[in-house]
Structures are given as structure tokens and as C-alpha cells.
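K.L.:
I am attaching a structure below and will ask some questions about it afterwards.
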Amino acid sequence: MTDSRDFVRSLGADNAAWWADRDVRLDPAAPPAARLAQIRARMRQGVYNELRSVELIAAWIPHVPEKEIRDLLPGQLDDEHRHYHLLRRRLQDLGQDPDDYPPLPEWEALFDWLVACRARPTWEKLALFQFAGETQSCDGFETLIALADDVDPESAALYRGQILPDEYRHAGIGRRALTLLCDTPERQAAARAACREMNERVFGAYRAHRARVDRGA
Ligand SMILES: [Fe+2]
Ligand SMILES: [Fe+2]
């Protein structure tokens, strides 16, 4: 059997390879005005996603019996709640009403599904959200920051200084959970399958999101 540390490393590398060229939410080649529109759409969606992350973690905490991992989740919940308020305030400063956007079905479905996964074993749940999801979020934020630096430097600074460091910590919770718990071939296979499931669902949401932004909807 693969040692759990080696397993986590190789699963992380496989996920990263899977995601190459699949974060279609932002187009680095787009002219500045279109890029800014894509960034603002990401920020508006971020308000929704951060709040749903709070709800998701609250729903999961009672279903994470492993104390060492459960103890890390309230801190993550707190971070996501702070991110929600930070992004709302930034949109308000930009003259936008953060309450003026209806939930988009692709993201609503993703979070509804994640909440419904609450009873799955911890190594599957945390493979879904913290390990696969949050790691991809970090890559997505790195891209967002790089593409926002010239067209919206204040938002880039907000993400760089006050959101991204927390998201790296959340991805670390996923790595820690899988390192601790994926100590049998069965658990490793289940965690790997959970990552694939999550990656495919998130990619579906990204594609729907981008199509909507391109339509100007
Ligand atoms: Fe967050
Ligand atoms: Fe997070």
C-alpha cells in the first residue's frame, strides 16, 4: 500500500495536472475591459460562494468525528465568513449592490450537493472540498490576482493580502485530513474518486459561469 504521505503528494500532483487549462472563468488574452468584467463576475460570485462555504462547513462539523480535523473547521468557517464580508464591502465601494444578484444555478447546485455529502466519511468529504476544491481555489485566486493587478489593483491587493493566505490554510486542512486518514487502499481509492467527482463538478460550474459572462447575462 502507498504510504499516506506519498498518496497525498501524488493525488495533489494528479489534481494539478487535471486542472491545467481548465479554469476557464478568466481569459488572460481578453482586452482589459472584458477582463475587468470577468473579474467583477468572479467577485460577485465570490460573495455567494463564501457564504455557502460557511453553511457547508457548519453542516459538516457534526459529521466529522475525528477531533484533530474537526477542531480545524470552526477556524475555516470564521475565515469564509470574513471573506464574505470583505467581498461585499469591496463591491459596495465599487458602487455595486452585492444583494442584487440572483444565485446562479450551476453554483447553487454545486453547494447543495456538497452540503448533501455531509454524511460521507471524513476522508471523502475533505477530499472533495478542502483538498480538491480549496487547492483549485488557491490556483484560481493566483490567476485572478495576476489578471487584476493592472485593471483593479485594489481588488488584487484584497485577494492577495486578506483572502489567499487563508485559502492556502484551508487546502492544508485537506492535506492534513487525507494524510491522517487515508491509510488503507480502500480509503485512498475513495478519496481519489471523490477528487475526480469534485473536479468534474467544479469544471462544469466554471464552464457555465464563463458562458454566462460571455453572454453578458
Ligand atoms: Fe474563502
Ligand atoms: Fe476557503
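Lettering and numbering for the C-alpha cells are positional, with chains as A, B, ... in the shown order, residues counted from 1 in each chain, and ligands counted from 1 in the shown order.
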Within 6 Å of ligand 2, which residues of chain A come that close, and what is the closest atom pair and distance in Å for each? Count only C-alpha atoms and all ligand atoms and give it as a Markdown table.

P.N.:
```
| residue | atom | partner | partner_atom_place_in_ligand_line | distance |
| --- | --- | --- | --- | --- |
| A:Glu80 | CA | ligand 2 | 1 (Fe) | 5.9 |
| A:Glu134 | CA | ligand 2 | 1 (Fe) | 5.8 |
| A:Glu167 | CA | ligand 2 | 1 (Fe) | 4.5 |
| A:His170 | CA | ligand 2 | 1 (Fe) | 5.3 |
```

K.L.:
Put those residues in a file: N, CA, C and O atoms, as a JSON list (two decimals), in the first residue's frame.

P.N.:
```
[["chain", "number", "residue", "atom", "x", "y", "z"],
["A", 80, "GLU", "N", -14.15, 32.04, 6.15],
["A", 80, "GLU", "CA", -15.05, 32.19, 4.99],
["A", 80, "GLU", "C", -16.08, 33.30, 5.28],
["A", 80, "GLU", "O", -16.44, 34.05, 4.37],
["A", 134, "GLU", "N", -10.45, 23.52, -2.43],
["A", 134, "GLU", "CA", -9.70, 24.69, -1.94],
["A", 134, "GLU", "C", -8.35, 24.82, -2.65],
["A", 134, "GLU", "O", -7.86, 25.92, -2.84],
["A", 167, "GLU", "N", -7.01, 30.79, 2.28],
["A", 167, "GLU", "CA", -7.39, 29.67, 1.41],
["A", 167, "GLU", "C", -6.27, 28.62, 1.34],
["A", 167, "GLU", "O", -6.55, 27.43, 1.26],
["A", 170, "HIS", "N", -6.73, 26.53, 4.27],
["A", 170, "HIS", "CA", -7.86, 25.59, 4.12],
["A", 170, "HIS", "C", -7.45, 24.37, 3.29],
["A", 170, "HIS", "O", -7.83, 23.25, 3.59]]
```

K.L.:
Which residues are near ligand 1 in this structure, taking near to mean any atom at most 8 Å from a ligand atom and counting only C-alpha atoms and all ligand atoms? Format them as a PyMOL selection string.

P.N.:
chain A and resi 49-50+53+79-84+163-164+166-167

K.L.:
Please, could you write that set of residues out with all heavy atoms as a compact mmCIF listing (two decimals), in the first residue's frame?

P.N.:
```
# COMPACT_ATOMS: atom_id res chain seq x y z
N ASN A 49 -20.35 32.29 -2.95
CA ASN A 49 -19.58 31.09 -2.63
C ASN A 49 -19.03 31.12 -1.20
O ASN A 49 -19.00 30.09 -0.53
CB ASN A 49 -18.43 30.91 -3.62
CG ASN A 49 -18.92 30.54 -5.01
OD1 ASN A 49 -20.12 30.50 -5.27
ND2 ASN A 49 -17.99 30.29 -5.91
N GLU A 50 -18.60 32.30 -0.76
CA GLU A 50 -18.05 32.37 0.61
C GLU A 50 -19.14 32.09 1.64
O GLU A 50 -18.92 31.37 2.61
CB GLU A 50 -17.42 33.75 0.87
CG GLU A 50 -16.24 34.12 -0.04
CD GLU A 50 -14.95 33.37 0.27
OE1 GLU A 50 -14.93 32.54 1.19
OE2 GLU A 50 -13.95 33.62 -0.45
N SER A 53 -19.96 28.52 1.67
CA SER A 53 -18.88 27.76 2.33
C SER A 53 -19.08 27.75 3.85
O SER A 53 -18.83 26.75 4.50
CB SER A 53 -17.51 28.37 2.00
OG SER A 53 -17.29 28.34 0.62
N ASP A 79 -13.05 32.16 8.76
CA ASP A 79 -12.36 32.80 7.62
C ASP A 79 -13.34 33.06 6.48
O ASP A 79 -13.35 34.15 5.90
CB ASP A 79 -11.24 31.89 7.07
CG ASP A 79 -10.07 31.73 8.03
OD1 ASP A 79 -9.90 32.57 8.93
OD2 ASP A 79 -9.32 30.74 7.87
N GLU A 80 -14.15 32.04 6.15
CA GLU A 80 -15.05 32.19 4.99
C GLU A 80 -16.08 33.30 5.28
O GLU A 80 -16.44 34.05 4.37
CB GLU A 80 -15.78 30.88 4.67
CG GLU A 80 -14.91 29.63 4.54
CD GLU A 80 -13.89 29.65 3.42
OE1 GLU A 80 -13.61 30.72 2.86
OE2 GLU A 80 -13.34 28.56 3.11
N HIS A 81 -16.50 33.39 6.52
CA HIS A 81 -17.44 34.44 6.89
C HIS A 81 -16.79 35.82 6.72
O HIS A 81 -17.40 36.77 6.21
CB HIS A 81 -17.90 34.22 8.34
CG HIS A 81 -19.07 35.07 8.74
ND1 HIS A 81 -19.26 35.52 10.01
CD2 HIS A 81 -20.09 35.56 8.01
CE1 HIS A 81 -20.36 36.25 10.04
NE2 HIS A 81 -20.89 36.29 8.85
N ARG A 82 -15.54 35.92 7.12
CA ARG A 82 -14.81 37.19 6.95
C ARG A 82 -14.66 37.52 5.47
O ARG A 82 -14.86 38.66 5.04
CB ARG A 82 -13.45 37.10 7.65
CG ARG A 82 -12.71 38.42 7.76
CD ARG A 82 -11.70 38.41 8.89
NE ARG A 82 -11.26 37.05 9.21
CZ ARG A 82 -10.33 36.38 8.56
NH1 ARG A 82 -9.72 36.95 7.55
NH2 ARG A 82 -10.00 35.16 8.93
N HIS A 83 -14.32 36.50 4.66
CA HIS A 83 -14.17 36.74 3.21
C HIS A 83 -15.49 37.26 2.61
O HIS A 83 -15.49 38.13 1.75
CB HIS A 83 -13.77 35.45 2.48
CG HIS A 83 -12.48 34.88 2.94
ND1 HIS A 83 -12.10 33.58 2.67
CD2 HIS A 83 -11.47 35.42 3.68
CE1 HIS A 83 -10.91 33.36 3.22
NE2 HIS A 83 -10.52 34.45 3.83
N TYR A 84 -16.59 36.67 3.06
CA TYR A 84 -17.92 37.10 2.59
C TYR A 84 -18.08 38.61 2.83
O TYR A 84 -18.46 39.36 1.92
CB TYR A 84 -18.97 36.28 3.35
CG TYR A 84 -20.39 36.81 3.27
CD1 TYR A 84 -21.12 36.71 2.08
CD2 TYR A 84 -20.99 37.40 4.38
CE1 TYR A 84 -22.43 37.18 2.02
CE2 TYR A 84 -22.29 37.87 4.32
CZ TYR A 84 -23.00 37.76 3.14
OH TYR A 84 -24.29 38.24 3.08
N ILE A 163 -7.33 37.24 1.63
CA ILE A 163 -8.13 36.04 1.31
C ILE A 163 -7.22 34.86 0.99
O ILE A 163 -7.34 33.78 1.59
CB ILE A 163 -9.11 36.34 0.15
CG1 ILE A 163 -10.15 37.37 0.64
CG2 ILE A 163 -9.79 35.06 -0.34
CD1 ILE A 163 -11.20 37.78 -0.38
N LEU A 164 -6.30 35.06 0.06
CA LEU A 164 -5.49 33.93 -0.40
C LEU A 164 -4.72 33.20 0.71
O LEU A 164 -4.72 31.96 0.74
CB LEU A 164 -4.52 34.41 -1.51
CG LEU A 164 -3.70 33.33 -2.19
CD1 LEU A 164 -4.58 32.26 -2.83
CD2 LEU A 164 -2.78 33.95 -3.26
N ASP A 166 -5.54 32.65 3.73
CA ASP A 166 -6.49 31.77 4.43
C ASP A 166 -6.82 30.56 3.57
O ASP A 166 -6.94 29.43 4.08
CB ASP A 166 -7.79 32.52 4.74
CG ASP A 166 -7.59 33.69 5.68
OD1 ASP A 166 -6.60 33.67 6.44
OD2 ASP A 166 -8.42 34.63 5.65
N GLU A 167 -7.01 30.79 2.28
CA GLU A 167 -7.39 29.67 1.41
C GLU A 167 -6.27 28.62 1.34
O GLU A 167 -6.55 27.43 1.26
CB GLU A 167 -7.80 30.16 0.01
CG GLU A 167 -8.92 31.20 -0.01
CD GLU A 167 -10.27 30.74 0.57
OE1 GLU A 167 -10.39 29.59 1.04
OE2 GLU A 167 -11.20 31.56 0.58
```

K.L.:
List as a list in words the protein and nucleic acid residues near Leu87 (chain A), meaning an atom at most 12 Å away when only C-alpha atoms are counted, but skip any in the same chain fewer than 5 places from it.

P.N.:
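Once the nearby chain positions are removed, what remains is Arg40, Ala41, Arg42, Met43, Arg44, Gln45, Gly46, Val47, Tyr48, Asn49, Glu50, Leu51, Glu80, His81, Arg82, Gln92, Asp93, Leu94, Gln96, Asp97, Pro98, Asp99, Glu154, Ser155, Ala156, Leu158, Tyr159, Gln162 and Ile163 of chain A.
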
K.L.:
Compile the contact shell of Val8 (chain A) as a ChimeraX atom specification: residues with an atom at most 12 Å away, counting only C-alpha atoms, same-chain residues fewer than 2 positions apart removed.

P.N.:
/A:2-6,10-15,123,127,131-132,171-172,174-183,187-189,191-192,195

K.L.:
Please produce a file of those selected residues containing N, CA, C and O atoms, as a short mmCIF file (atom, residue, chain, number, x, y, z; two decimals), in the first residue's frame.

P.N.:
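Output saved as result.cif:
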```
data_model
loop_
_atom_site.label_atom_id
_atom_site.label_comp_id
_atom_site.auth_asym_id
_atom_site.auth_seq_id
_atom_site.Cartn_x
_atom_site.Cartn_y
_atom_site.Cartn_z
N THR A 2 0.39 2.28 -0.66
CA THR A 2 1.14 3.54 -0.69
C THR A 2 1.04 4.22 0.67
O THR A 2 -0.04 4.30 1.25
N ASP A 3 2.16 4.68 1.18
CA ASP A 3 2.18 5.47 2.41
C ASP A 3 1.28 6.69 2.23
O ASP A 3 1.21 7.27 1.14
N SER A 4 0.57 7.10 3.29
CA SER A 4 -0.44 8.15 3.11
C SER A 4 0.19 9.47 2.66
O SER A 4 -0.41 10.23 1.90
N ARG A 5 1.40 9.75 3.11
CA ARG A 5 2.05 10.99 2.67
C ARG A 5 2.34 10.96 1.17
O ARG A 5 2.10 11.95 0.45
N ASP A 6 2.86 9.83 0.71
CA ASP A 6 3.13 9.70 -0.73
C ASP A 6 1.84 9.76 -1.53
O ASP A 6 1.78 10.36 -2.61
N SER A 10 0.95 12.44 -4.45
CA SER A 10 0.67 12.05 -5.84
C SER A 10 -0.75 12.46 -6.24
O SER A 10 -0.99 12.88 -7.38
N LEU A 11 -1.69 12.42 -5.29
CA LEU A 11 -3.04 12.87 -5.62
C LEU A 11 -3.06 14.38 -5.92
O LEU A 11 -3.73 14.84 -6.84
N GLY A 12 -2.28 15.13 -5.15
CA GLY A 12 -2.17 16.57 -5.39
C GLY A 12 -1.60 16.85 -6.78
O GLY A 12 -2.10 17.72 -7.51
N ALA A 13 -0.57 16.09 -7.15
CA ALA A 13 0.04 16.29 -8.48
C ALA A 13 -0.95 15.91 -9.59
O ALA A 13 -1.06 16.60 -10.61
N ASP A 14 -1.70 14.83 -9.37
CA ASP A 14 -2.68 14.40 -10.39
C ASP A 14 -3.78 15.46 -10.54
O ASP A 14 -4.22 15.75 -11.65
N ASN A 15 -4.23 16.00 -9.41
CA ASN A 15 -5.26 17.05 -9.49
C ASN A 15 -4.75 18.26 -10.24
O ASN A 15 -5.45 18.83 -11.09
N TRP A 123 -12.67 11.33 5.07
CA TRP A 123 -11.62 11.34 4.02
C TRP A 123 -12.22 11.60 2.65
O TRP A 123 -11.54 12.06 1.75
N ALA A 127 -11.65 15.39 0.98
CA ALA A 127 -11.05 15.28 -0.37
C ALA A 127 -11.83 16.16 -1.33
O ALA A 127 -11.26 16.84 -2.19
N PHE A 131 -9.43 19.51 0.05
CA PHE A 131 -8.27 19.07 -0.73
C PHE A 131 -8.40 19.45 -2.20
O PHE A 131 -7.58 20.20 -2.73
N ALA A 132 -9.46 18.98 -2.86
CA ALA A 132 -9.60 19.29 -4.29
C ALA A 132 -10.09 20.73 -4.49
O ALA A 132 -9.49 21.51 -5.23
N ALA A 171 -6.70 24.62 2.22
CA ALA A 171 -6.21 23.50 1.41
C ALA A 171 -5.32 22.59 2.28
O ALA A 171 -5.33 21.37 2.15
N GLY A 172 -4.58 23.22 3.19
CA GLY A 172 -3.71 22.46 4.10
C GLY A 172 -4.51 21.56 5.04
O GLY A 172 -4.04 20.47 5.40
N GLY A 174 -7.18 20.04 4.18
CA GLY A 174 -7.47 18.88 3.35
C GLY A 174 -6.30 17.92 3.28
O GLY A 174 -6.45 16.70 3.44
N ARG A 175 -5.10 18.46 3.10
CA ARG A 175 -3.91 17.60 3.03
C ARG A 175 -3.71 16.88 4.36
O ARG A 175 -3.40 15.69 4.40
N ARG A 176 -3.93 17.61 5.43
CA ARG A 176 -3.73 17.01 6.75
C ARG A 176 -4.73 15.88 7.00
O ARG A 176 -4.37 14.81 7.51
N ALA A 177 -5.99 16.11 6.63
CA ALA A 177 -7.02 15.09 6.83
C ALA A 177 -6.70 13.83 6.04
O ALA A 177 -6.79 12.71 6.55
N LEU A 178 -6.30 14.02 4.78
CA LEU A 178 -6.03 12.84 3.95
C LEU A 178 -4.76 12.12 4.42
O LEU A 178 -4.70 10.89 4.38
N THR A 179 -3.78 12.89 4.87
CA THR A 179 -2.54 12.26 5.36
C THR A 179 -2.86 11.43 6.61
O THR A 179 -2.34 10.32 6.79
N LEU A 180 -3.73 11.96 7.45
CA LEU A 180 -4.07 11.27 8.70
C LEU A 180 -4.95 10.04 8.44
O LEU A 180 -4.78 9.00 9.09
N LEU A 181 -5.88 10.17 7.51
CA LEU A 181 -6.95 9.17 7.42
C LEU A 181 -6.83 8.19 6.25
O LEU A 181 -7.42 7.11 6.30
N CYS A 182 -6.10 8.55 5.20
CA CYS A 182 -6.04 7.67 4.02
C CYS A 182 -4.94 6.63 4.20
O CYS A 182 -3.93 6.64 3.48
N ASP A 183 -5.17 5.73 5.14
CA ASP A 183 -4.13 4.75 5.50
C ASP A 183 -4.50 3.33 5.07
O ASP A 183 -3.91 2.36 5.55
N ARG A 187 -9.55 3.47 1.41
CA ARG A 187 -9.75 4.90 1.68
C ARG A 187 -9.05 5.75 0.61
O ARG A 187 -9.55 6.80 0.20
N GLN A 188 -7.87 5.31 0.21
CA GLN A 188 -7.15 6.07 -0.82
C GLN A 188 -7.95 6.08 -2.13
O GLN A 188 -8.07 7.12 -2.79
N ALA A 189 -8.54 4.93 -2.46
CA ALA A 189 -9.34 4.87 -3.70
C ALA A 189 -10.57 5.76 -3.57
O ALA A 189 -10.96 6.46 -4.53
N ALA A 191 -10.92 8.46 -1.67
CA ALA A 191 -10.52 9.87 -1.70
C ALA A 191 -10.19 10.29 -3.14
O ALA A 191 -10.55 11.40 -3.58
N ARG A 192 -9.54 9.42 -3.87
CA ARG A 192 -9.19 9.74 -5.27
C ARG A 192 -10.46 9.91 -6.11
O ARG A 192 -10.57 10.85 -6.90
N CYS A 195 -12.12 13.23 -5.34
CA CYS A 195 -11.45 14.35 -6.02
C CYS A 195 -11.92 14.45 -7.46
O CYS A 195 -12.19 15.54 -7.97
#
```

K.L.:
Select, from A:Ile57, A:Ala30, A:Val151, A:Val213, the residue with the minimum atom-to-atom distance to Leu114 (chain A), counting only C-alpha atoms.

P.N.:
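Of A:Ile57, A:Ala30, A:Val151, A:Val213, the one nearest Leu114 (chain A) is A:Ile57, counting only C-alpha atoms.
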
K.L.:
For each of A:Arg196, A:Gln136, A:Pro153, A:Leu147, take the minimum atom-to-atom distance to Arg22 (chain A), counting only C-alpha atoms, then give the residue where this is smallest.

P.N.:
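Among A:Arg196, A:Gln136, A:Pro153, A:Leu147, it is A:Gln136 that comes nearest to Arg22 (chain A).
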
K.L.:
I'd like to know which of A:Pro32, A:Ile145, A:Glu68, A:Gly133 is closest to Ala157 (chain A), using only C-alpha atoms.

P.N.:
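Once distances to Ala157 (chain A) are computed over only C-alpha atoms, the minimum belongs to A:Ile145.
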
K.L.:
Would you compute the distance between CA of Met198 (chain A) and CA of Ala29 (chain A)? Give it in Å to one decimal.

P.N.:
27.4 Å

K.L.:
Would you mind telling me which residue in A:Arg35, A:Arg25, A:Arg201, A:Arg88 lies nearest to Leu110 (chain A) when using only C-alpha atoms?

P.N.:
A:Arg201

K.L.:
Calculated over only C-alpha atoms, which of the candidates A:Trp107, A:Thr143, A:Gly161, A:Ala205 has the smallest distance to Asp27 (chain A)?

P.N.:
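Using only C-alpha atoms, the shortest distance to Asp27 (chain A) belongs to A:Thr143.
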
K.L.:
Report, in Å with one decimal, the straight-line distance from CA of Trp60 (chain A) to CA of Glu106 (chain A).

P.N.:
21.2 Å
